[in-house]
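Here's data_31.cif, which has mmCIF, C-alpha atoms:
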```cif
data_upload
loop_
_atom_site.group_PDB
_atom_site.id
_atom_site.type_symbol
_atom_site.label_atom_id
_atom_site.label_comp_id
_atom_site.auth_asym_id
_atom_site.auth_seq_id
_atom_site.Cartn_x
_atom_site.Cartn_y
_atom_site.Cartn_z
ATOM 1 C CA MET A 154 12.548 -18.338 -39.706
ATOM 2 C CA SER A 155 11.124 -21.431 -41.397
ATOM 3 C CA PRO A 156 7.308 -21.573 -41.481
ATOM 4 C CA VAL A 157 6.630 -24.767 -39.519
ATOM 5 C CA PRO A 158 3.576 -25.654 -37.388
ATOM 6 C CA PHE A 159 3.723 -23.892 -34.057
ATOM 7 C CA PRO A 160 2.457 -26.070 -31.164
ATOM 8 C CA TYR A 161 0.663 -23.323 -29.200
ATOM 9 C CA LYS A 162 -2.142 -20.897 -29.952
ATOM 10 C CA LEU A 163 -1.232 -18.489 -27.163
ATOM 11 C CA VAL A 164 2.104 -17.111 -25.937
ATOM 12 C CA ALA A 165 1.748 -15.438 -22.522
ATOM 13 C CA THR A 166 4.700 -13.373 -21.365
ATOM 14 C CA ASP A 167 5.378 -11.583 -18.123
ATOM 15 C CA LEU A 168 6.916 -8.138 -18.550
ATOM 16 C CA ASP A 169 9.627 -7.171 -16.038
ATOM 17 C CA GLY A 170 12.491 -9.643 -15.844
ATOM 18 C CA THR A 171 11.009 -11.651 -18.701
ATOM 19 C CA LEU A 172 10.045 -9.769 -21.865
ATOM 20 C CA LEU A 173 11.790 -6.564 -20.840
ATOM 21 C CA ARG A 174 15.522 -6.242 -20.393
ATOM 22 C CA GLY A 175 16.947 -4.265 -17.498
ATOM 23 C CA ASP A 176 16.704 -1.018 -19.477
ATOM 24 C CA ASP A 177 12.947 -1.589 -20.083
ATOM 25 C CA THR A 178 13.445 -2.435 -23.762
ATOM 26 C CA VAL A 179 12.613 -5.542 -25.791
ATOM 27 C CA SER A 180 15.432 -6.888 -27.960
ATOM 28 C CA GLU A 181 15.028 -7.046 -31.708
ATOM 29 C CA ARG A 182 15.572 -10.798 -31.617
ATOM 30 C CA THR A 183 12.706 -11.277 -29.157
ATOM 31 C CA ARG A 184 10.448 -8.968 -31.163
ATOM 32 C CA GLU A 185 11.146 -10.988 -34.295
ATOM 33 C CA ALA A 186 10.486 -14.288 -32.527
ATOM 34 C CA LEU A 187 7.124 -13.038 -31.253
ATOM 35 C CA VAL A 188 6.204 -11.750 -34.715
ATOM 36 C CA ALA A 189 7.081 -15.160 -36.160
ATOM 37 C CA ALA A 190 4.987 -16.935 -33.520
ATOM 38 C CA THR A 191 1.980 -14.741 -34.275
ATOM 39 C CA ALA A 192 2.503 -15.248 -38.011
ATOM 40 C CA ALA A 193 2.371 -18.977 -37.278
ATOM 41 C CA GLY A 194 -1.055 -18.546 -35.704
ATOM 42 C CA ALA A 195 -0.375 -17.839 -32.029
ATOM 43 C CA ALA A 196 -1.716 -14.838 -30.154
ATOM 44 C CA HIS A 197 0.645 -12.982 -27.822
ATOM 45 C CA ILE A 198 -0.666 -11.717 -24.480
ATOM 46 C CA ILE A 199 1.379 -9.722 -21.997
ATOM 47 C CA VAL A 200 0.522 -10.727 -18.421
ATOM 48 C CA THR A 201 2.034 -8.339 -15.909
ATOM 49 C CA GLY A 202 1.795 -7.305 -12.298
ATOM 50 C CA ARG A 203 1.945 -3.687 -13.410
ATOM 51 C CA ALA A 204 -1.367 -1.867 -13.536
ATOM 52 C CA VAL A 205 -2.405 -0.355 -16.872
ATOM 53 C CA PRO A 206 -0.828 3.108 -16.330
ATOM 54 C CA TRP A 207 2.569 1.472 -15.783
ATOM 55 C CA THR A 208 2.098 -0.874 -18.749
ATOM 56 C CA ARG A 209 0.499 1.299 -21.425
ATOM 57 C CA HIS A 210 3.676 3.079 -22.579
ATOM 58 C CA VAL A 211 5.479 -0.260 -23.028
ATOM 59 C CA LEU A 212 2.629 -1.639 -25.117
ATOM 60 C CA ASP A 213 2.487 1.515 -27.224
ATOM 61 C CA ASP A 214 6.246 1.336 -27.816
ATOM 62 C CA LEU A 215 5.915 -2.280 -28.940
ATOM 63 C CA GLY A 216 3.064 -1.386 -31.279
ATOM 64 C CA TYR A 217 1.028 -3.915 -29.269
ATOM 65 C CA LYS A 218 -2.686 -3.722 -30.157
ATOM 66 C CA GLY A 219 -4.033 -6.864 -28.519
ATOM 67 C CA ILE A 220 -5.294 -7.760 -25.056
ATOM 68 C CA ALA A 221 -3.029 -7.389 -22.037
ATOM 69 C CA VAL A 222 -3.573 -8.715 -18.534
ATOM 70 C CA CYS A 223 -2.428 -6.139 -15.973
ATOM 71 C CA GLY A 224 -2.446 -5.604 -12.223
ATOM 72 C CA GLN A 225 -1.769 -9.267 -11.309
ATOM 73 C CA GLY A 226 -4.850 -10.335 -13.239
ATOM 74 C CA ALA A 227 -7.118 -7.548 -11.970
ATOM 75 C CA GLN A 228 -7.332 -5.760 -15.320
ATOM 76 C CA VAL A 229 -7.959 -7.052 -18.827
ATOM 77 C CA TYR A 230 -6.948 -4.205 -21.121
ATOM 78 C CA ASP A 231 -7.575 -3.619 -24.821
ATOM 79 C CA ALA A 232 -4.318 -1.979 -25.873
ATOM 80 C CA GLY A 233 -5.574 -1.049 -29.337
ATOM 81 C CA ALA A 234 -8.627 0.780 -28.002
ATOM 82 C CA HIS A 235 -6.884 2.013 -24.811
ATOM 83 C CA ARG A 236 -9.740 0.837 -22.604
ATOM 84 C CA LEU A 237 -10.367 -1.571 -19.773
ATOM 85 C CA LEU A 238 -12.463 -4.619 -20.576
ATOM 86 C CA THR A 239 -12.631 -5.892 -16.996
ATOM 87 C CA SER A 240 -11.310 -4.608 -13.688
ATOM 88 C CA VAL A 241 -11.333 -6.111 -10.189
ATOM 89 C CA THR A 242 -10.794 -3.830 -7.204
ATOM 90 C CA LEU A 243 -9.570 -4.495 -3.697
ATOM 91 C CA ASP A 244 -12.156 -4.312 -0.910
ATOM 92 C CA ARG A 245 -10.688 -1.375 1.001
ATOM 93 C CA GLN A 246 -12.375 -2.223 4.290
ATOM 94 C CA LEU A 247 -11.076 -5.780 4.142
ATOM 95 C CA ALA A 248 -7.624 -4.589 3.097
ATOM 96 C CA GLY A 249 -7.537 -2.136 6.004
ATOM 97 C CA LEU A 250 -8.430 -4.923 8.402
ATOM 98 C CA ALA A 251 -5.717 -7.173 6.950
ATOM 99 C CA LEU A 252 -3.157 -4.385 7.188
ATOM 100 C CA ALA A 253 -4.065 -3.666 10.821
ATOM 101 C CA LYS A 254 -3.772 -7.371 11.753
ATOM 102 C CA LEU A 255 -0.438 -7.680 9.983
ATOM 103 C CA GLU A 256 1.017 -4.582 11.629
ATOM 104 C CA ALA A 257 -0.157 -5.837 15.022
ATOM 105 C CA GLU A 258 1.909 -8.964 14.333
ATOM 106 C CA ILE A 259 5.120 -7.517 12.831
ATOM 107 C CA GLY A 260 5.045 -3.756 13.418
ATOM 108 C CA PRO A 261 4.627 -0.763 11.092
ATOM 109 C CA LEU A 262 4.790 -1.228 7.328
ATOM 110 C CA ALA A 263 5.649 1.228 4.578
ATOM 111 C CA LEU A 264 2.693 1.414 2.225
ATOM 112 C CA ALA A 265 1.897 2.244 -1.396
ATOM 113 C CA ALA A 266 -1.290 1.836 -3.402
ATOM 114 C CA SER A 267 -2.334 1.434 -7.036
ATOM 115 C CA ARG A 268 -5.565 3.237 -7.919
ATOM 116 C CA ASP A 269 -7.962 1.647 -10.367
ATOM 117 C CA GLY A 270 -8.490 2.850 -13.926
ATOM 118 C CA VAL A 271 -6.587 3.475 -17.146
ATOM 119 C CA ASP A 272 -5.107 6.604 -15.580
ATOM 120 C CA GLY A 273 -4.937 5.386 -11.981
ATOM 121 C CA GLU A 274 -2.013 6.762 -10.003
ATOM 122 C CA VAL A 275 0.406 4.841 -7.825
ATOM 123 C CA LEU A 276 0.627 6.577 -4.464
ATOM 124 C CA LEU A 277 3.645 6.159 -2.185
ATOM 125 C CA GLY A 278 3.414 6.648 1.554
ATOM 126 C CA PRO A 279 6.194 7.740 3.941
ATOM 127 C CA GLY A 280 9.165 5.374 3.933
ATOM 128 C CA TYR A 281 8.103 3.359 0.912
ATOM 129 C CA GLU A 282 11.051 2.803 -1.453
ATOM 130 C CA ALA A 283 9.831 2.859 -5.053
ATOM 131 C CA GLN A 284 11.282 0.222 -7.401
ATOM 132 C CA GLY A 285 12.246 0.643 -11.046
ATOM 133 C CA GLY A 286 11.818 4.406 -11.406
ATOM 134 C CA LEU A 287 8.201 4.172 -12.587
ATOM 135 C CA PRO A 288 6.000 7.262 -12.123
ATOM 136 C CA ALA A 289 4.338 7.655 -8.747
ATOM 137 C CA ARG A 290 3.094 10.384 -6.420
ATOM 138 C CA TYR A 291 4.371 10.745 -2.872
ATOM 139 C CA LEU A 292 1.954 11.371 -0.018
ATOM 140 C CA ASP A 293 2.652 12.723 3.456
ATOM 141 C CA ASP A 294 -0.448 11.015 4.842
ATOM 142 C CA THR A 295 -1.442 7.475 3.848
ATOM 143 C CA ALA A 296 -5.100 8.217 4.668
ATOM 144 C CA ALA A 297 -5.400 9.786 1.192
ATOM 145 C CA MET A 298 -4.674 6.409 -0.391
ATOM 146 C CA TRP A 299 -8.027 5.023 0.682
ATOM 147 C CA THR A 300 -10.295 7.651 -0.882
ATOM 148 C CA ALA A 301 -10.700 5.984 -4.316
ATOM 149 C CA PRO A 302 -10.937 2.386 -5.630
ATOM 150 C CA LEU A 303 -7.674 0.417 -5.538
ATOM 151 C CA ASN A 304 -6.292 -2.543 -7.466
ATOM 152 C CA LYS A 305 -3.694 -3.419 -4.864
ATOM 153 C CA LEU A 306 -1.538 -2.315 -1.955
ATOM 154 C CA TYR A 307 2.242 -2.580 -1.799
ATOM 155 C CA ILE A 308 3.951 -3.257 1.531
ATOM 156 C CA GLN A 309 7.539 -3.092 2.782
ATOM 157 C CA HIS A 310 8.964 -3.934 6.202
ATOM 158 C CA PRO A 311 12.173 -2.437 7.647
ATOM 159 C CA GLY A 312 13.446 -5.720 9.040
ATOM 160 C CA LEU A 313 12.036 -8.491 6.837
ATOM 161 C CA ASP A 314 13.131 -9.439 3.349
ATOM 162 C CA ASP A 315 10.574 -10.138 0.618
ATOM 163 C CA ASP A 316 10.320 -13.891 1.182
ATOM 164 C CA ALA A 317 9.956 -13.515 4.951
ATOM 165 C CA LEU A 318 7.358 -10.752 4.581
ATOM 166 C CA VAL A 319 5.287 -12.847 2.173
ATOM 167 C CA SER A 320 5.478 -15.851 4.483
ATOM 168 C CA VAL A 321 4.346 -14.063 7.645
ATOM 169 C CA ALA A 322 1.690 -12.072 5.776
ATOM 170 C CA ARG A 323 0.159 -15.212 4.298
ATOM 171 C CA GLU A 324 0.173 -16.896 7.687
ATOM 172 C CA THR A 325 -1.385 -13.874 9.398
ATOM 173 C CA VAL A 326 -3.947 -12.555 6.893
ATOM 174 C CA GLY A 327 -4.014 -15.112 4.069
ATOM 175 C CA ASN A 328 -7.660 -15.837 4.847
ATOM 176 C CA LEU A 329 -8.582 -12.219 4.055
ATOM 177 C CA VAL A 330 -6.392 -11.235 1.101
ATOM 178 C CA ASP A 331 -3.800 -12.700 -1.230
ATOM 179 C CA ILE A 332 -0.123 -11.819 -0.819
ATOM 180 C CA VAL A 333 2.345 -12.086 -3.711
ATOM 181 C CA MET A 334 5.938 -11.194 -4.468
ATOM 182 C CA ALA A 335 6.050 -9.511 -7.868
ATOM 183 C CA GLY A 336 9.717 -8.499 -7.932
ATOM 184 C CA PRO A 337 12.589 -7.379 -5.702
ATOM 185 C CA GLY A 338 11.129 -5.092 -3.048
ATOM 186 C CA ILE A 339 7.603 -5.568 -4.396
ATOM 187 C CA VAL A 340 5.223 -7.421 -2.076
ATOM 188 C CA GLU A 341 1.555 -6.869 -2.842
ATOM 189 C CA ILE A 342 -1.823 -7.252 -1.143
ATOM 190 C CA LEU A 343 -4.514 -8.365 -3.622
ATOM 191 C CA PRO A 344 -8.158 -9.436 -3.558
ATOM 192 C CA LEU A 345 -8.446 -12.984 -2.254
ATOM 193 C CA GLY A 346 -8.315 -15.476 -5.123
ATOM 194 C CA LEU A 347 -6.973 -13.034 -7.699
ATOM 195 C CA THR A 348 -3.927 -14.225 -9.690
ATOM 196 C CA LYS A 349 -2.406 -13.777 -13.103
ATOM 197 C CA ALA A 350 -4.148 -17.013 -14.056
ATOM 198 C CA THR A 351 -7.508 -15.364 -13.317
ATOM 199 C CA GLY A 352 -6.954 -12.565 -15.808
ATOM 200 C CA LEU A 353 -5.209 -14.784 -18.343
ATOM 201 C CA SER A 354 -8.103 -17.246 -18.395
ATOM 202 C CA LEU A 355 -10.557 -14.384 -19.029
ATOM 203 C CA ALA A 356 -8.397 -12.989 -21.841
ATOM 204 C CA ALA A 357 -7.883 -16.432 -23.374
ATOM 205 C CA ARG A 358 -11.630 -17.049 -23.344
ATOM 206 C CA ARG A 359 -12.148 -13.857 -25.329
ATOM 207 C CA LEU A 360 -9.672 -15.183 -27.901
ATOM 208 C CA GLY A 361 -11.183 -18.666 -27.965
ATOM 209 C CA VAL A 362 -7.956 -20.230 -26.682
ATOM 210 C CA LYS A 363 -7.643 -22.943 -24.029
ATOM 211 C CA ALA A 364 -5.083 -23.452 -21.278
ATOM 212 C CA ALA A 365 -3.882 -26.605 -23.057
ATOM 213 C CA GLU A 366 -2.912 -24.419 -26.033
ATOM 214 C CA THR A 367 -0.844 -21.920 -24.005
ATOM 215 C CA ILE A 368 2.859 -21.475 -23.305
ATOM 216 C CA ALA A 369 3.779 -19.009 -20.557
ATOM 217 C CA PHE A 370 7.019 -17.217 -19.666
ATOM 218 C CA GLY A 371 7.840 -15.630 -16.287
ATOM 219 C CA ASP A 372 10.402 -14.913 -13.611
ATOM 220 C CA MET A 373 8.761 -14.355 -10.202
ATOM 221 C CA PRO A 374 6.548 -16.231 -7.707
ATOM 222 C CA ASN A 375 3.492 -14.290 -8.882
ATOM 223 C CA ASP A 376 3.846 -16.228 -12.156
ATOM 224 C CA ILE A 377 3.300 -19.590 -10.420
ATOM 225 C CA PRO A 378 -0.505 -19.590 -10.910
ATOM 226 C CA MET A 379 -0.017 -18.706 -14.590
ATOM 227 C CA PHE A 380 2.333 -21.680 -14.972
ATOM 228 C CA GLY A 381 -0.233 -23.859 -13.248
ATOM 229 C CA TRP A 382 -2.894 -22.767 -15.737
ATOM 230 C CA ALA A 383 -0.845 -22.971 -18.943
ATOM 231 C CA ALA A 384 0.175 -26.185 -20.670
ATOM 232 C CA HIS A 385 3.872 -25.262 -20.546
ATOM 233 C CA GLY A 386 5.650 -22.876 -18.179
ATOM 234 C CA VAL A 387 9.081 -21.464 -19.002
ATOM 235 C CA ALA A 388 11.128 -19.745 -16.284
ATOM 236 C CA MET A 389 13.900 -17.330 -17.152
ATOM 237 C CA ALA A 390 17.431 -18.086 -15.943
ATOM 238 C CA ASN A 391 17.123 -15.034 -13.692
ATOM 239 C CA ALA A 392 13.860 -16.322 -12.164
ATOM 240 C CA HIS A 393 13.127 -16.755 -8.471
ATOM 241 C CA ALA A 394 13.891 -20.265 -7.226
ATOM 242 C CA ALA A 395 10.231 -20.874 -6.336
ATOM 243 C CA LEU A 396 9.187 -20.393 -9.957
ATOM 244 C CA LYS A 397 12.011 -22.527 -11.320
ATOM 245 C CA ARG A 398 10.843 -25.392 -9.118
ATOM 246 C CA VAL A 399 7.447 -25.531 -10.834
ATOM 247 C CA ALA A 400 8.567 -24.646 -14.375
ATOM 248 C CA ASP A 401 8.511 -27.162 -17.201
ATOM 249 C CA GLU A 402 11.787 -25.728 -18.433
ATOM 250 C CA VAL A 403 14.281 -22.950 -17.734
ATOM 251 C CA THR A 404 15.538 -20.794 -20.584
ATOM 252 C CA THR A 405 18.270 -18.171 -20.707
ATOM 253 C CA SER A 406 17.820 -14.832 -18.944
ATOM 254 C CA ASN A 407 15.785 -11.835 -20.054
ATOM 255 C CA GLU A 408 19.081 -10.160 -20.998
ATOM 256 C CA GLU A 409 19.957 -13.140 -23.217
ATOM 257 C CA ASP A 410 16.722 -13.365 -25.230
ATOM 258 C CA GLY A 411 15.303 -16.239 -23.209
ATOM 259 C CA ILE A 412 11.855 -15.961 -24.803
ATOM 260 C CA ALA A 413 13.328 -15.951 -28.311
ATOM 261 C CA VAL A 414 15.502 -18.990 -27.558
ATOM 262 C CA VAL A 415 12.404 -21.086 -26.816
ATOM 263 C CA LEU A 416 10.174 -19.671 -29.558
ATOM 264 C CA GLU A 417 12.860 -20.128 -32.215
ATOM 265 C CA ARG A 418 13.259 -23.763 -31.187
ATOM 266 C CA LEU A 419 9.513 -24.343 -31.366
ATOM 267 C CA LEU A 420 9.350 -22.626 -34.737
ATOM 268 C CA GLY A 421 12.100 -24.864 -36.050
ATOM 269 C CA ALA A 422 14.420 -21.956 -36.741
ATOM 270 C CA VAL A 423 17.373 -23.272 -34.742
#
```
So, in terms of C-alpha cells, how does the structure I just supplied come out?
Amino acid sequence: MSPVPFPYKLVATDLDGTLLRGDDTVSERTREALVAATAAGAAHIIVTGRAVPWTRHVLDDLGYKGIAVCGQGAQVYDAGAHRLLTSVTLDRQLAGLALAKLEAEIGPLALAASRDGVDGEVLLGPGYEAQGGLPARYLDDTAAMWTAPLNKLYIQHPGLDDDALVSVARETVGNLVDIVMAGPGIVEILPLGLTKATGLSLAARRLGVKAAETIAFGDMPNDIPMFGWAAHGVAMANAHAALKRVADEVTTSNEEDGIAVVLERLLGAV
C-alpha cells in the first residue's frame, strides 16, 4: 500500500458481523489494511458488545495489544496487560424491577446474564437459546444469576422477534434501563445511558483522540450511538437496516472484506 496521509487518527471496529467473518476469523486482507492504517498513524480500537471473557481470545489471536471497548461500552480493557481499566455494572435491583415490569406486560422471558470481570461467566437460564457457540454455563434456577455484579442481562421472548421485543421493552421500561439489539437473537438490558459511544469516548480520551478524528465500522443497531459519536460511520452490507439509515456510507459485507475496502481507498491503495 502507498504511504499517503490517512484522514483519521482512530479506526473503531465492531467485532461480530463487522471485523469477524462468520467463522470468527479476520481475513488476511483486513489484517493488512488495519496494519497499514496504524502504520499511517491511526490507532485501532475494537468496540464490541461482547464482554471481555468473550473478546479476549479474539484479541489474543489477532496479537492485539491496545485498548478494547467491551460489553456495549461497559468495559474499557487493556488487551496487552489483560486488565480492566474501567467497568460499569448494572444495578441489579433496578434491573430486577425492569424485568418484572416487562414480564407483567408481555409474559415470561428467557434470561441470561453476563457477570462482571475479566473472567466473568455468561450464565444461561432455562429456555434461553445461546447464539454463536460462545462459552456459557447453564443454570436450572435464574436466582443464581443475581448473586454477583453483572454487566448486562440478555432476554428472549417466545413470541416476539428481536425488533418487536426491543420496541416494547423500550416503551415499557426505557426509563429504567437501556435496551439494545446486539445481533440476531441478542437483545440486552444495560445500565441507563450506557452505549458503545460511552466506552469509545473514554478510550479515545486515553489516546488523546477526538470524535472528529474517528471512523467507525459496524453492523447492528447497538452501533448507532458509536456512529453518532464518530466523524464517519460505515455500515457493512450485511448490517441491520436501522444502522444503514444513519451510516455515512455502506461498504461490502464482513465476508467480503468491507473494512479493508474502505481503508484501502482512504490509504490510496486502490
**Prompt:** When the PyMOL selection byres ((chain A and resi 162) around 9) is applied to the file above, which residues end up in the set, as a ChimeraX atom specification?
**Reply:** /A:159-161,163-164,190-191,193-197,362-363,366-368
**Request:** Using atom CA of Arg359 of chain A and atom CA of Gly371 of chain A as the two end points, give the distance in Å to one decimal.
**Result:** 22.0 Å
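Across A:Pro337, A:Pro279, A:Gly421, A:Gly249, the tightest approach to Asn391 of chain A is made by A:Pro337 when counting all atoms listed in the file.
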Selection: 7 Å around segment 258-271 of chain A, all atoms listed in the file, excl. self and same-chain fewer than 3 positions, as a compact mmCIF listing (two decimals) with C-alpha atoms, keeping the file's coordinate frame:
```
# COMPACT_ATOMS: atom_id res chain seq x y z
CA VAL A 205 -2.40 -0.36 -16.87
CA PRO A 206 -0.83 3.11 -16.33
CA ARG A 236 -9.74 0.84 -22.60
CA LEU A 237 -10.37 -1.57 -19.77
CA THR A 242 -10.79 -3.83 -7.20
CA LYS A 254 -3.77 -7.37 11.75
CA LEU A 255 -0.44 -7.68 9.98
CA GLU A 274 -2.01 6.76 -10.00
CA VAL A 275 0.41 4.84 -7.82
CA LEU A 276 0.63 6.58 -4.46
CA LEU A 277 3.64 6.16 -2.18
CA GLY A 278 3.41 6.65 1.55
CA PRO A 279 6.19 7.74 3.94
CA GLY A 280 9.16 5.37 3.93
CA TYR A 281 8.10 3.36 0.91
CA MET A 298 -4.67 6.41 -0.39
CA ALA A 301 -10.70 5.98 -4.32
CA PRO A 302 -10.94 2.39 -5.63
CA LEU A 303 -7.67 0.42 -5.54
CA ASN A 304 -6.29 -2.54 -7.47
CA LYS A 305 -3.69 -3.42 -4.86
CA LEU A 306 -1.54 -2.32 -1.96
CA TYR A 307 2.24 -2.58 -1.80
CA ILE A 308 3.95 -3.26 1.53
CA GLN A 309 7.54 -3.09 2.78
CA HIS A 310 8.96 -3.93 6.20
```
**Item:** Point-to-point distance in Å for atom CA of Asp315 of chain A and atom CA of Val229 of chain A
**Value:** 27.0 Å
**Message:** I'd like to see the residues matched by the PyMOL selection byres ((chain A and resi 370) around 7) on this file, and ideally I'd get them as a ChimeraX atom specification.
**Reply:** /A:165-167,171,368-369,371,386-388
**Request:** Report the residues retrieved by the PyMOL selection byres ((chain A and resi 227) around 6) from the displayed file, expressed as a ChimeraX atom specification.
**Result:** /A:224-226,228,240-241
**Item:** Contact residues around Asn407 of chain A with all atoms listed in the file at 9 Å, ignoring same-chain residues under 4 positions, as a VMD selection string
**Value:** chain A and resid 169 to 175 372 389 to 391 411 to 412
Keeping C-alpha atoms for every residue in the selection just given, could you write it to a file as a compact mmCIF listing (two decimals), keeping the file's coordinate frame?
```
# COMPACT_ATOMS: atom_id res chain seq x y z
CA ASP A 169 9.63 -7.17 -16.04
CA GLY A 170 12.49 -9.64 -15.84
CA THR A 171 11.01 -11.65 -18.70
CA LEU A 172 10.04 -9.77 -21.86
CA LEU A 173 11.79 -6.56 -20.84
CA ARG A 174 15.52 -6.24 -20.39
CA GLY A 175 16.95 -4.26 -17.50
CA ASP A 372 10.40 -14.91 -13.61
CA MET A 389 13.90 -17.33 -17.15
CA ALA A 390 17.43 -18.09 -15.94
CA ASN A 391 17.12 -15.03 -13.69
CA GLY A 411 15.30 -16.24 -23.21
CA ILE A 412 11.86 -15.96 -24.80
```
**Prompt:** Rounded to one decimal in Å, what is the spacing between atom CA of Gly219 of chain A and atom CA of Thr183 of chain A?
**Reply:** 17.3 Å
Residues within 10 Å of Ala322 of chain A, please, as a PDB file with C-alpha atoms, in the frame of the given file. Count all atoms listed in the file; anything in the same chain fewer than 6 positions from it doesn't count.
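File result-v1.pdb, as written:
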```pdb
ATOM      1  CA  ALA A 251      -5.717  -7.173   6.950  1.00  0.00           C
ATOM      2  CA  LEU A 252      -3.157  -4.385   7.188  1.00  0.00           C
ATOM      3  CA  LYS A 254      -3.772  -7.371  11.753  1.00  0.00           C
ATOM      4  CA  LEU A 255      -0.438  -7.680   9.983  1.00  0.00           C
ATOM      5  CA  GLU A 256       1.017  -4.582  11.629  1.00  0.00           C
ATOM      6  CA  GLU A 258       1.909  -8.964  14.333  1.00  0.00           C
ATOM      7  CA  ILE A 259       5.120  -7.517  12.831  1.00  0.00           C
ATOM      8  CA  ASP A 316      10.320 -13.891   1.182  1.00  0.00           C
ATOM      9  CA  VAL A 330      -6.392 -11.235   1.101  1.00  0.00           C
ATOM     10  CA  ASP A 331      -3.800 -12.700  -1.230  1.00  0.00           C
ATOM     11  CA  ILE A 332      -0.123 -11.819  -0.819  1.00  0.00           C
ATOM     12  CA  VAL A 333       2.345 -12.086  -3.711  1.00  0.00           C
ATOM     13  CA  VAL A 340       5.223  -7.421  -2.076  1.00  0.00           C
ATOM     14  CA  ILE A 342      -1.823  -7.252  -1.143  1.00  0.00           C
TER      15      ILE A 342
END
```
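The shortest atom-to-atom distance to Gly381 of chain A, with only C-alpha atoms taken into account, belongs to A:Lys349 out of A:Lys218, A:Lys349, A:Arg358, A:His393.
Among A:Ile339, A:Val179, A:Ala395, A:Val415, the residue with the shortest atom-to-atom distance to Glu282 of chain A, counting only C-alpha atoms, is A:Ile339.
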**Item:** Among listed residues A:Val326, A:Ala400, A:Leu168, A:Ala365, nearest Ala384 of chain A (using all atoms listed in the file)
**Value:** A:Ala365
**Message:** Using all atoms listed in the file for the distances, tell me which of A:Leu247, A:Asp314, A:Glu341, A:Ala204 is nearest to Gly273 of chain A.
**Reply:** A:Ala204
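Each of A:Leu250, A:Ala192, A:Leu343, A:Ala392 was compared to Pro374 of chain A using only C-alpha atoms, and A:Ala392 turns out to be the nearest.
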